[in-house]
Amino acid sequence: MCSDACASVRSAGNSSPAYRAKPAYSSRPGSFTRVAHNGPVTTTLDAPAPALRIGPLALRAPVVLAPMAGITNVAFRQLCREQETRHSGTEAAGLYVCEMVTARALVERHPDTLHMVTFAPQEQPRSLQLYTVDPATTANAVRMIADEDLADHIDMNFGCPVPKVTRKGGGAALPYKRRLFAQIVRAAVRAAEPAGIPITVKFRIGIDAEHHTHLDAGRIAAAEGAVAIALHARTAAQRYSGTADWAEIARLKEHVTEVPVLGNGDIFDAQDAALMMAQTGCDGVVVGRGCLGRPWLFAELAAALTGAPAPTPPTLGEVADVLRRHAELLAAHHGADRGLRDLRKHMAWYLRGFPVGSALRQQLALVSHLDELDDLLNQLDQDVPFPADAQGPRGRQGSPGKVALPAGWLNDPEDVTVPEGAEIDSSGG
Ligand SMILES: Cc1cc2nc3c(=O)[nH]c(=O)nc-3n(C[C@H](O)[C@H](O)[C@H](O)COP(=O)(O)O)c2cc1C
């Protein structure tokens, strides 16, 4: 199962490890032991995982920050990159994807959308995610990105499970229309080609258990010139519930051999990343919710996958410093007022598991000025070590549900009619 891309990743112990048996871990650098229900399984990265090539982009660590609407703005990306480089002492080794923008809003130059396309001066590569449903608008948006030098990489989002989007045929519903999907990817690739901008495509397993689209989507995206594909291993019907089905990442990797296949879903620490690579043979990992309130996770992931020593988890005082830096970066991006309001949603993630009283937590969750934030952070017990309770799943989970689709959507997968009204302002991936 483990193919060329993870030749250096070896699993030992139990001969047939069950996918996603949630482990208790012990670890030393490069070696991860999970105790699954059927016995211990040791995954050893006995050589660094191979570097990941995404078209012209070479990533020293096969780690990608998942695009997350409302989260992965320039402030958060910069924070993650700083954490990674502070530990490694080198340039950031992973890829950090901007929050999604819609192709239509971009070509119409909506001010909010243009503001979202903000990159830090040293940010390389500048990675942008586009949501789109229509080949013509896609081509226009990609041409605009190329002509105005807005980004170095474009990822395309076909994973959004939000009912108001799938009901119109957008997001995770779209790959079911495989010819339309092919036209959209082709339009992006052709428009990006003159500028040498690589296109990647991110999608889910499918609409629901009866309508899987990932194998077709992967094959089509590769055939149309996408240079890598990423699978969030859930169906749209699952939304964020249950566990990601890593076996489908392995299937996709076996099915699509022309381009790197990235695995996504339920990586909450470096051990998970190593296990996903070992169990599925994927070429890299895409990590979303695990980094909420833990931007240093990328330092841990990059270290684990490049064979470097693991960083020491931060004390509460160090977490407060990161939180303060996040506030500063958000204030620079959004202005102090909106920046501090935006910070509030990160507060519970940062403080998770730490012994912080409810009154102080509440004050922090309502903070509105940097000075006030400083006062509150000073009240924290700086020396508290990183708590075990902060490990494991975090971020949205939700429950599964029937996927809303346009009437007759499933009747004709070859139909190329562009869905109407399926453009959105924000996405849930
Ligand atoms: C708050 C939030 C916003 C998201 N926004 C996007 C998005 O704009 N585009 C996208 O492709 N996926 C989006 N996703 C999905 C993530 O990129 C990722 O596929 C998903 O969270 C599974 O990975 P994880 O288990 O590492 O979190 C979002 C997820 C969350 C939690």
# chains A, B, ... in the order shown; residues from 1 in each chain; ligands from 1
call {"tool": "residues_near_ligand", "arguments": {"ligand": "ligand 1", "cutoff": "7 Å", "atoms": "only C-alpha atoms and all ligand atoms", "output": "PyMOL selection string"}}
result
chain A and resi 66-71+99-100+157-160+202+232+264-268+286-290+395-396+426-429
call {"tool": "write_last_selection", "arguments": {"atoms": "N, CA and C atoms", "output": "PDB file, in the first residue's frame"}}
result
ATOM      1  N   ALA A  66      -4.250  23.782   5.573  1.00  0.00           N
ATOM      2  CA  ALA A  66      -5.516  23.724   4.831  1.00  0.00           C
ATOM      3  C   ALA A  66      -6.147  25.115   4.773  1.00  0.00           C
ATOM      4  N   PRO A  67      -6.705  25.467   3.607  1.00  0.00           N
ATOM      5  CA  PRO A  67      -7.427  26.735   3.562  1.00  0.00           C
ATOM      6  C   PRO A  67      -8.623  26.666   4.500  1.00  0.00           C
ATOM      7  N   MET A  68      -8.784  27.685   5.320  1.00  0.00           N
ATOM      8  CA  MET A  68      -9.958  27.734   6.205  1.00  0.00           C
ATOM      9  C   MET A  68     -10.508  29.149   6.182  1.00  0.00           C
ATOM     10  N   ALA A  69     -11.760  29.252   5.698  1.00  0.00           N
ATOM     11  CA  ALA A  69     -12.408  30.554   5.595  1.00  0.00           C
ATOM     12  C   ALA A  69     -12.467  31.206   6.971  1.00  0.00           C
ATOM     13  N   GLY A  70     -12.096  32.468   7.032  1.00  0.00           N
ATOM     14  CA  GLY A  70     -12.155  33.212   8.285  1.00  0.00           C
ATOM     15  C   GLY A  70     -10.987  32.912   9.212  1.00  0.00           C
ATOM     16  N   ILE A  71     -10.079  32.033   8.814  1.00  0.00           N
ATOM     17  CA  ILE A  71      -8.959  31.658   9.682  1.00  0.00           C
ATOM     18  C   ILE A  71      -7.612  31.918   9.002  1.00  0.00           C
ATOM     19  N   GLU A  99      -7.095  31.929   2.867  1.00  0.00           N
ATOM     20  CA  GLU A  99      -8.526  31.605   2.918  1.00  0.00           C
ATOM     21  C   GLU A  99      -9.108  31.751   1.509  1.00  0.00           C
ATOM     22  N   MET A 100     -10.149  30.985   1.268  1.00  0.00           N
ATOM     23  CA  MET A 100     -10.750  30.910  -0.058  1.00  0.00           C
ATOM     24  C   MET A 100     -11.370  32.236  -0.512  1.00  0.00           C
ATOM     25  N   ASN A 157     -11.230  24.851  -4.870  1.00  0.00           N
ATOM     26  CA  ASN A 157     -12.026  24.239  -3.795  1.00  0.00           C
ATOM     27  C   ASN A 157     -13.294  23.588  -4.341  1.00  0.00           C
ATOM     28  N   PHE A 158     -13.312  22.254  -4.283  1.00  0.00           N
ATOM     29  CA  PHE A 158     -14.534  21.519  -4.643  1.00  0.00           C
ATOM     30  C   PHE A 158     -14.980  20.658  -3.466  1.00  0.00           C
ATOM     31  N   GLY A 159     -14.831  21.206  -2.253  1.00  0.00           N
ATOM     32  CA  GLY A 159     -15.161  20.391  -1.083  1.00  0.00           C
ATOM     33  C   GLY A 159     -16.221  20.978  -0.181  1.00  0.00           C
ATOM     34  N   CYS A 160     -16.746  22.136  -0.541  1.00  0.00           N
ATOM     35  CA  CYS A 160     -17.649  22.819   0.384  1.00  0.00           C
ATOM     36  C   CYS A 160     -18.969  22.047   0.555  1.00  0.00           C
ATOM     37  N   LYS A 202      -8.717  20.513  -4.659  1.00  0.00           N
ATOM     38  CA  LYS A 202      -9.058  19.888  -3.371  1.00  0.00           C
ATOM     39  C   LYS A 202     -10.531  19.489  -3.390  1.00  0.00           C
ATOM     40  N   HIS A 232      -9.994  15.601   1.141  1.00  0.00           N
ATOM     41  CA  HIS A 232     -10.537  15.579   2.507  1.00  0.00           C
ATOM     42  C   HIS A 232     -11.385  14.318   2.555  1.00  0.00           C
ATOM     43  N   ASN A 264      -5.961  14.519   3.633  1.00  0.00           N
ATOM     44  CA  ASN A 264      -6.505  15.535   4.559  1.00  0.00           C
ATOM     45  C   ASN A 264      -7.643  14.933   5.388  1.00  0.00           C
ATOM     46  N   GLY A 265      -7.626  15.266   6.648  1.00  0.00           N
ATOM     47  CA  GLY A 265      -8.707  14.874   7.538  1.00  0.00           C
ATOM     48  C   GLY A 265      -8.198  14.251   8.814  1.00  0.00           C
ATOM     49  N   ASP A 266      -8.446  14.954   9.928  1.00  0.00           N
ATOM     50  CA  ASP A 266      -8.186  14.415  11.265  1.00  0.00           C
ATOM     51  C   ASP A 266      -6.717  14.257  11.616  1.00  0.00           C
ATOM     52  N   ILE A 267      -5.878  15.125  11.095  1.00  0.00           N
ATOM     53  CA  ILE A 267      -4.494  15.143  11.589  1.00  0.00           C
ATOM     54  C   ILE A 267      -4.446  16.186  12.698  1.00  0.00           C
ATOM     55  N   PHE A 268      -4.238  15.719  13.919  1.00  0.00           N
ATOM     56  CA  PHE A 268      -4.232  16.629  15.057  1.00  0.00           C
ATOM     57  C   PHE A 268      -2.866  16.707  15.734  1.00  0.00           C
ATOM     58  N   VAL A 286      -2.395  17.638   4.503  1.00  0.00           N
ATOM     59  CA  VAL A 286      -3.043  18.950   4.560  1.00  0.00           C
ATOM     60  C   VAL A 286      -3.712  19.013   5.938  1.00  0.00           C
ATOM     61  N   VAL A 287      -3.411  20.055   6.690  1.00  0.00           N
ATOM     62  CA  VAL A 287      -3.855  20.086   8.089  1.00  0.00           C
ATOM     63  C   VAL A 287      -4.640  21.359   8.368  1.00  0.00           C
ATOM     64  N   GLY A 288      -5.857  21.177   8.879  1.00  0.00           N
ATOM     65  CA  GLY A 288      -6.722  22.317   9.144  1.00  0.00           C
ATOM     66  C   GLY A 288      -6.965  22.530  10.624  1.00  0.00           C
ATOM     67  N   ARG A 289      -8.013  21.884  11.152  1.00  0.00           N
ATOM     68  CA  ARG A 289      -8.472  22.192  12.507  1.00  0.00           C
ATOM     69  C   ARG A 289      -7.409  21.978  13.578  1.00  0.00           C
ATOM     70  N   GLY A 290      -6.487  21.059  13.339  1.00  0.00           N
ATOM     71  CA  GLY A 290      -5.457  20.777  14.339  1.00  0.00           C
ATOM     72  C   GLY A 290      -4.624  21.995  14.695  1.00  0.00           C
ATOM     73  N   GLY A 395     -11.863  22.045  16.973  1.00  0.00           N
ATOM     74  CA  GLY A 395     -12.535  22.713  15.852  1.00  0.00           C
ATOM     75  C   GLY A 395     -13.878  22.081  15.572  1.00  0.00           C
ATOM     76  N   ARG A 396     -14.502  22.539  14.501  1.00  0.00           N
ATOM     77  CA  ARG A 396     -15.876  22.103  14.228  1.00  0.00           C
ATOM     78  C   ARG A 396     -15.959  20.608  13.968  1.00  0.00           C
ATOM     79  N   SER A 426     -18.388  32.789   1.463  1.00  0.00           N
ATOM     80  CA  SER A 426     -17.469  32.087   2.337  1.00  0.00           C
ATOM     81  C   SER A 426     -17.787  30.611   2.252  1.00  0.00           C
ATOM     82  N   SER A 427     -16.844  29.792   2.715  1.00  0.00           N
ATOM     83  CA  SER A 427     -16.981  28.352   2.505  1.00  0.00           C
ATOM     84  C   SER A 427     -16.702  27.591   3.778  1.00  0.00           C
ATOM     85  N   GLY A 428     -17.211  26.391   3.821  1.00  0.00           N
ATOM     86  CA  GLY A 428     -16.897  25.530   4.962  1.00  0.00           C
ATOM     87  C   GLY A 428     -16.090  24.338   4.547  1.00  0.00           C
ATOM     88  N   GLY A 429     -15.559  24.286   3.309  1.00  0.00           N
ATOM     89  CA  GLY A 429     -14.643  23.228   2.875  1.00  0.00           C
ATOM     90  C   GLY A 429     -15.218  21.845   2.980  1.00  0.00           C
TER      91      GLY A 429
END
call {"tool": "select_by_dssp", "arguments": {"residues": "region 103-287 of chain A", "states": "alpha helix (DSSP H)", "output": "ChimeraX atom specification"}}
result
/A:103-107,111-116,135-147,163-166,178-192,214-223,246-255,270-280
call {"tool": "residues_around", "arguments": {"residues": "Thr280 (chain A)", "least_positions_apart": "4", "cutoff": "6 Å", "atoms": "only C-alpha atoms", "output": "number ranges by chain"}}
result
A: 249-250, 276
call {"tool": "closest_residue", "arguments": {"among": "A:Leu150, A:Val165, A:Ile205, A:Ile229", "to": "Arg53 (chain A)", "atoms": "only C-alpha atoms"}}
result
A:Ile229
call {"tool": "closest_residue", "arguments": {"among": "A:Leu231, A:Leu364, A:Ala192, A:Leu301", "to": "Leu376 (chain A)", "atoms": "only C-alpha atoms"}}
result
A:Leu364
